[in-house]
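First the structure, in the form of structure tokens, and then the observations on it.
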Protein chains: 2
Amino acid sequence: MHTDPVAALDIGGTKIAAALVDGDGTILARVQRPTPAREHGDTVMRAVEEALAELTASPLWGRVQAVGIGSAGPVDASAGTVSPVNVPGWRDYPLVDRVREVTGDLPVELIGDGVAITAAEHWQGAARGHDNALCMVVSTGVGGGLVLGGRLHPGPTGNAGHIGHISVELDGDLCPCGARGCVERIASGPNIARRAVENGWLPGPDGDASAAAVAAAARAGDPVAVASFERAAQALAAGIAATATLVEIDIAVIGGGVGKAGEVLFTPLRRALRDYATLSFVQRLTVTPAQMGTDAGLVGAAAAALTRRTGEPTGPARAAV
Amino acid sequence: MHTDPVAALDIGGTKIAAALVDGDGTILARVQRPTPAREHGDTVMRAVEEALAELTASPLWGRVQAVGIGSAGPVDASAGTVSPVNVPGWRDYPLVDRVREVTGDLPVELIGDGVAITAAEHWQGAARGHDNALCMVVSTGVGGGLVLGGRLHPGPTGNAGHIGHISVELDGDLCPCGARGCVERIASGPNIARRAVENGWLPGPDGDASAAAVAAAARAGDPVAVASFERAAQALAAGIAATATLVEIDIAVIGGGVGKAGEVLFTPLRRALRDYATLSFVQRLTVTPAQMGTDAGLVGAAAAALTRRTGEPTGPARAAV
């Protein structure tokens with residue numbers, strides 16, 4: 001069994017978390033820093049180094065076998081570099097080499113953050129036991145990752161599963177990525193809120209114009225709020241159906257803030273999925289809320305490190321059984 | 001080396017082909033029958049049995065090690081059944097069992113026809129040497145298949161890569177599959193021709209209103225014909241970019257009648273791909289014409305049988321080196 005721990009890093013635009021995680025996915029030690037996202041790249045790296053230094057001071061460090069990093073993307077796992085959209089100081093930044101300067105000879109596994117949460121959901125969450133799954137985060141952005149044939153599918157650069165930036169409306173609105181009609185451009189939280197406001201929805205007396213506030217209005221029956229979630233659900237359904245039609249998945253797991261909206265999202269999503277997932281081999285596809293909480297990124301980075309280290313074909317979930 | 005041959009079946013809506021294929025992909029013997037596509041399912045099967053009977057009479061038959069079947073889809077490889085859209089007499093038809101009645105104890109491998117042409121292009125055609133590829137047929141319909149991590153990715157039911165039925169226009173025209181705005185609904189040959197005619201293009205004196213005639217008109221500078229190919233190229237680009245963004249491919253191979261249109265298709269396709277394949281990890285994606293001819297289905301079915309039989313992780317292409 002994997003009694004020896006691995007080190008996990010979860011690097012986002014808001015926070016940097018580091019942890020020691022054992023072979024059952026239990027977090028043994030954890031540290032966190034705010035991400036100085038607008039600072040120079042070296043300043044961002046210093047925050048990572050400080051977090052790692054706290055871990056290396058742990059009496060458990062000597063038993064650490066590998067390091068897993070889940071980072072905001074895009075990443076380039078083959079080059080060991082990252083270029084997170086929300087951390088402009090890091091462009092093709094050699095994160096793996098810089099981490100190795102702290103962690104020495106340990107193997108380091110780098111994956112995108114969408115791939116990391118997928119590893120976590122497959123190991124211990126809503127995708128457990130599913131050999132072919134799409135896991136998504138629908139939040140400020142829309143990200144994701146894939147499990148194919150029982151294994152995580154990070155792709156050669158660690159970015160596979162980027163469902164937020166597939167176009168489901170080829171003449172649609174311009175997306176910040178440069179394409180048009182991307183799933184994220186229609187279904188992310190800010191776009192749900194924007195569309196509701198544009199169509200006449202008025203925030204309550206507290207002035208909260210977030211997607212969560214739109215969700216509350218939709219639950220109370222506001223038709224404009226309902227319609228904005230229905231449009232997001234339609235885009236998500238088209239993207240999920242496209243994924244299933246391309247690679248054959250049987251479950252789509254949805255997490256993130258918008259995923260927490262509940263039936264306001266999931267009822268129209270299941271309905272729209274019947275419209276777009278039409279071929280016989282995708283009709284049994286189900287959608288379900290994510291089960292992992294805010295530790296998903298850390299647990300998933302640990303899963304990637306454990307899988308690489310053990311060479312188990314089916315990931316730590318089964319190795320730990 | 002694979003000196004012993006395999007039997008290959010290629011079952012389409014127009015013809016049924018059967019062949020003995022050696023480990024280098026050389027066709028040693030071949031028979032063909034028209035598909036009695038509108039007849040009773042047993043009549044269709046009789047045509048398959050007749051083709052197989054001719055093969056089993058070959059002096060080479062005793063050395064045959066396995067049977068590969070590529071069939072018009074959808075197929076269900078896990079159940080061994082097929083339901084080809086254009087062969088209404090076959091619905092959940094137990095093709096694998098019926099073939100086994102002729103071929104005895106040999107292992108039988110069933111895949112969809114898009115997966116089969118992908119296996120052929122990866123083994124001996126335009127995708128050779130590419131570990132992550134999408135191969136497509138753009139013709140009366142739009143089909144495809146995937147190579148991921150150096151291996152064919154048929155998916156659990158043998159249907160993965162069905163790019164023709166992903167929606168790139170979620171409010172678009174209704175597709176016969178039941179969804180809206182599918183790639184096939186915009187980019188297939190009949191839809192290229194239909195759009196040209198609807199927008200005022202007039203066939204020549206021979207009355208030929210096929211996509212090939214529209215391609216000829218586009219080459220001669222007819223703006224309506226050019227625009228119809230541009231729209232098809234845009235839909236193909238959105239679908240190819242979506243595939244690359246989801247699973248990371250570095251090449252898309254396009255065959256079929258529309259693929260033969262040449263630069264009338266490929267020039268706007270490459271331009272549109274720059275609009276939709278925007279993320280850093282998909283920007284190096286290239287598109288290229290298919291290299292395998294009309295034998296692609298047979299060669300691909302043989303490749304699937306050889307790969308399954310030898311257990312070679314990277315397919316017969318490398319095993320044969």
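Within each chain, counting starts at residue 1; across the structure tokens, chains are named A, B, ... in the order shown, with ligands numbered 1 upward in that order.
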
Enumerate, in order of chain and increasing residue number, the residues of chain A with an atom no farther than 9 Å from chain B, each with its shortest atom pair and distance in Å to one decimal, counting only C-alpha atoms, as CSV.
residue,atom,partner,partner_atom,distance
A:Pro74,CA,B:Ser280,CA,7.1
A:Val75,CA,B:Phe281,CA,8.3
A:Asp76,CA,B:Phe281,CA,7.6
A:Asn132,CA,B:Pro156,CA,8.6
A:Gly144,CA,B:Leu246,CA,8.8
A:Gly145,CA,B:Leu246,CA,8.1
A:Leu146,CA,B:Val247,CA,8.1
A:Leu148,CA,B:Gly155,CA,8.2
A:Gly149,CA,B:Gly155,CA,7.6
A:His153,CA,B:Val247,CA,7.7
A:Pro154,CA,B:Val247,CA,7.9
A:Gly155,CA,B:Glu248,CA,5.7
A:Pro156,CA,B:Glu248,CA,7.0
A:Thr157,CA,B:Phe281,CA,7.0
A:Gly158,CA,B:Glu248,CA,8.9
A:Asn159,CA,B:Phe281,CA,7.4
A:Ala160,CA,B:Val247,CA,4.7
A:Gly161,CA,B:Leu246,CA,4.3
A:His162,CA,B:Leu246,CA,5.4
A:Ile163,CA,B:Leu246,CA,6.0
A:His165,CA,B:Thr245,CA,7.1
A:Ile166,CA,B:Ala242,CA,4.7
A:Ser167,CA,B:Val168,CA,6.2
A:Val168,CA,B:Val168,CA,4.3
A:Glu169,CA,B:Glu169,CA,4.3
A:Leu170,CA,B:Glu169,CA,5.7
A:Asp171,CA,B:Glu169,CA,7.7
A:Gly172,CA,B:Glu169,CA,8.5
A:Cys177,CA,B:Thr278,CA,6.2
A:Gly178,CA,B:Thr278,CA,6.1
A:Ala179,CA,B:Tyr276,CA,4.8
A:Arg180,CA,B:Tyr276,CA,7.2
A:Gly181,CA,B:Glu169,CA,8.7
A:Gln234,CA,B:Leu170,CA,7.8
A:Ala235,CA,B:Leu170,CA,7.3
A:Ala238,CA,B:Ser167,CA,6.3
A:Gly239,CA,B:Ser167,CA,8.0
A:Ala241,CA,B:Ile166,CA,7.1
A:Ala242,CA,B:Ile166,CA,4.6
A:Thr243,CA,B:Leu246,CA,7.3
A:Ala244,CA,B:Ala160,CA,8.1
A:Thr245,CA,B:His162,CA,5.6
A:Leu246,CA,B:Gly161,CA,4.3
A:Val247,CA,B:Ala160,CA,4.7
A:Glu248,CA,B:Gly155,CA,5.7
A:Ile249,CA,B:Gly155,CA,8.4
A:Arg274,CA,B:Ala179,CA,8.7
A:Asp275,CA,B:Ala179,CA,5.6
A:Tyr276,CA,B:Ala179,CA,4.8
A:Ala277,CA,B:Ala179,CA,7.4
A:Thr278,CA,B:Gly178,CA,6.1
A:Leu279,CA,B:Cys177,CA,6.8
A:Ser280,CA,B:Pro74,CA,7.1
A:Phe281,CA,B:Thr157,CA,7.0

Atoms kept (C-alpha atoms) for selection, written as an mmCIF file, in the first residue's frame:
data_model
loop_
_atom_site.group_PDB
_atom_site.id
_atom_site.type_symbol
_atom_site.label_atom_id
_atom_site.label_comp_id
_atom_site.auth_asym_id
_atom_site.auth_seq_id
_atom_site.Cartn_x
_atom_site.Cartn_y
_atom_site.Cartn_z
ATOM 1 C CA PRO A 74 -2.316 26.405 -19.954
ATOM 2 C CA VAL A 75 0.523 24.199 -18.787
ATOM 3 C CA ASP A 76 3.087 22.335 -20.838
ATOM 4 C CA ASN A 132 -14.803 6.977 -19.043
ATOM 5 C CA GLY A 144 -12.296 20.116 -17.178
ATOM 6 C CA GLY A 145 -10.482 16.858 -17.586
ATOM 7 C CA LEU A 146 -11.022 13.346 -18.910
ATOM 8 C CA LEU A 148 -10.553 7.365 -20.670
ATOM 9 C CA GLY A 149 -10.308 3.594 -20.416
ATOM 10 C CA HIS A 153 -6.055 11.414 -19.963
ATOM 11 C CA PRO A 154 -3.919 14.528 -19.460
ATOM 12 C CA GLY A 155 -2.727 14.543 -23.073
ATOM 13 C CA PRO A 156 0.880 15.171 -24.103
ATOM 14 C CA THR A 157 0.973 18.672 -22.597
ATOM 15 C CA GLY A 158 -1.330 18.057 -19.602
ATOM 16 C CA ASN A 159 -4.169 20.241 -20.929
ATOM 17 C CA ALA A 160 -6.706 17.740 -22.293
ATOM 18 C CA GLY A 161 -10.329 18.262 -21.291
ATOM 19 C CA HIS A 162 -10.385 22.045 -21.865
ATOM 20 C CA ILE A 163 -14.140 21.942 -22.554
ATOM 21 C CA HIS A 165 -12.928 26.584 -24.964
ATOM 22 C CA ILE A 166 -14.683 24.435 -27.497
ATOM 23 C CA SER A 167 -17.046 26.404 -29.716
ATOM 24 C CA VAL A 168 -20.688 25.376 -29.621
ATOM 25 C CA GLU A 169 -21.852 28.495 -31.491
ATOM 26 C CA LEU A 170 -19.499 29.083 -34.382
ATOM 27 C CA ASP A 171 -20.908 32.539 -35.150
ATOM 28 C CA GLY A 172 -21.286 33.388 -31.457
ATOM 29 C CA CYS A 177 -9.374 33.164 -26.016
ATOM 30 C CA GLY A 178 -9.876 34.478 -29.564
ATOM 31 C CA ALA A 179 -12.496 31.980 -30.738
ATOM 32 C CA ARG A 180 -16.280 32.469 -30.880
ATOM 33 C CA GLY A 181 -19.138 30.891 -28.962
ATOM 34 C CA GLN A 234 -27.817 24.360 -23.339
ATOM 35 C CA ALA A 235 -24.178 25.290 -24.018
ATOM 36 C CA ALA A 238 -23.800 20.726 -26.346
ATOM 37 C CA GLY A 239 -20.228 20.592 -25.033
ATOM 38 C CA ALA A 241 -22.592 15.735 -25.759
ATOM 39 C CA ALA A 242 -19.730 16.639 -28.109
ATOM 40 C CA THR A 243 -17.244 15.135 -25.671
ATOM 41 C CA ALA A 244 -19.266 11.933 -25.308
ATOM 42 C CA THR A 245 -19.706 11.654 -29.078
ATOM 43 C CA LEU A 246 -15.973 12.093 -29.620
ATOM 44 C CA VAL A 247 -14.498 9.868 -26.912
ATOM 45 C CA GLU A 248 -17.397 7.908 -25.333
ATOM 46 C CA ILE A 249 -17.911 8.933 -21.720
ATOM 47 C CA ARG A 274 -31.438 14.697 -24.508
ATOM 48 C CA ASP A 275 -31.511 17.182 -27.421
ATOM 49 C CA TYR A 276 -27.773 16.994 -28.177
ATOM 50 C CA ALA A 277 -26.656 13.516 -27.054
ATOM 51 C CA THR A 278 -28.669 11.696 -29.692
ATOM 52 C CA LEU A 279 -26.566 8.810 -31.008
ATOM 53 C CA SER A 280 -27.268 5.411 -29.477
ATOM 54 C CA PHE A 281 -23.904 5.113 -27.757
#

Write out as a VMD selection string all residues of range 212-305 of chain B that DSSP puts in helix (DSSP H, G or I) for this structure's backbone.
chain B and resid 212 to 219 223 to 247 256 to 259 263 to 276 280 to 282 296 to 305

For Val6 in chain B, which residue out of B:Ala66, B:Ile251, B:Ala53, B:Ala18 is the nearest one, using only C-alpha atoms?
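Smallest distance to Val6 in chain B is found for B:Ala66.
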
Computed interatomic separation between CA of Gly13 in chain A and CA of Gly25 in chain A (Å)
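Here the two named atoms are 24.0 Å from each other.
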
CA of Cys175 in chain A and CA of Arg270 in chain A, how far apart in Å?
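Taking CA of Arg270 in chain A as the start and CA of Cys175 in chain A as the end point, the length is 25.3 Å.
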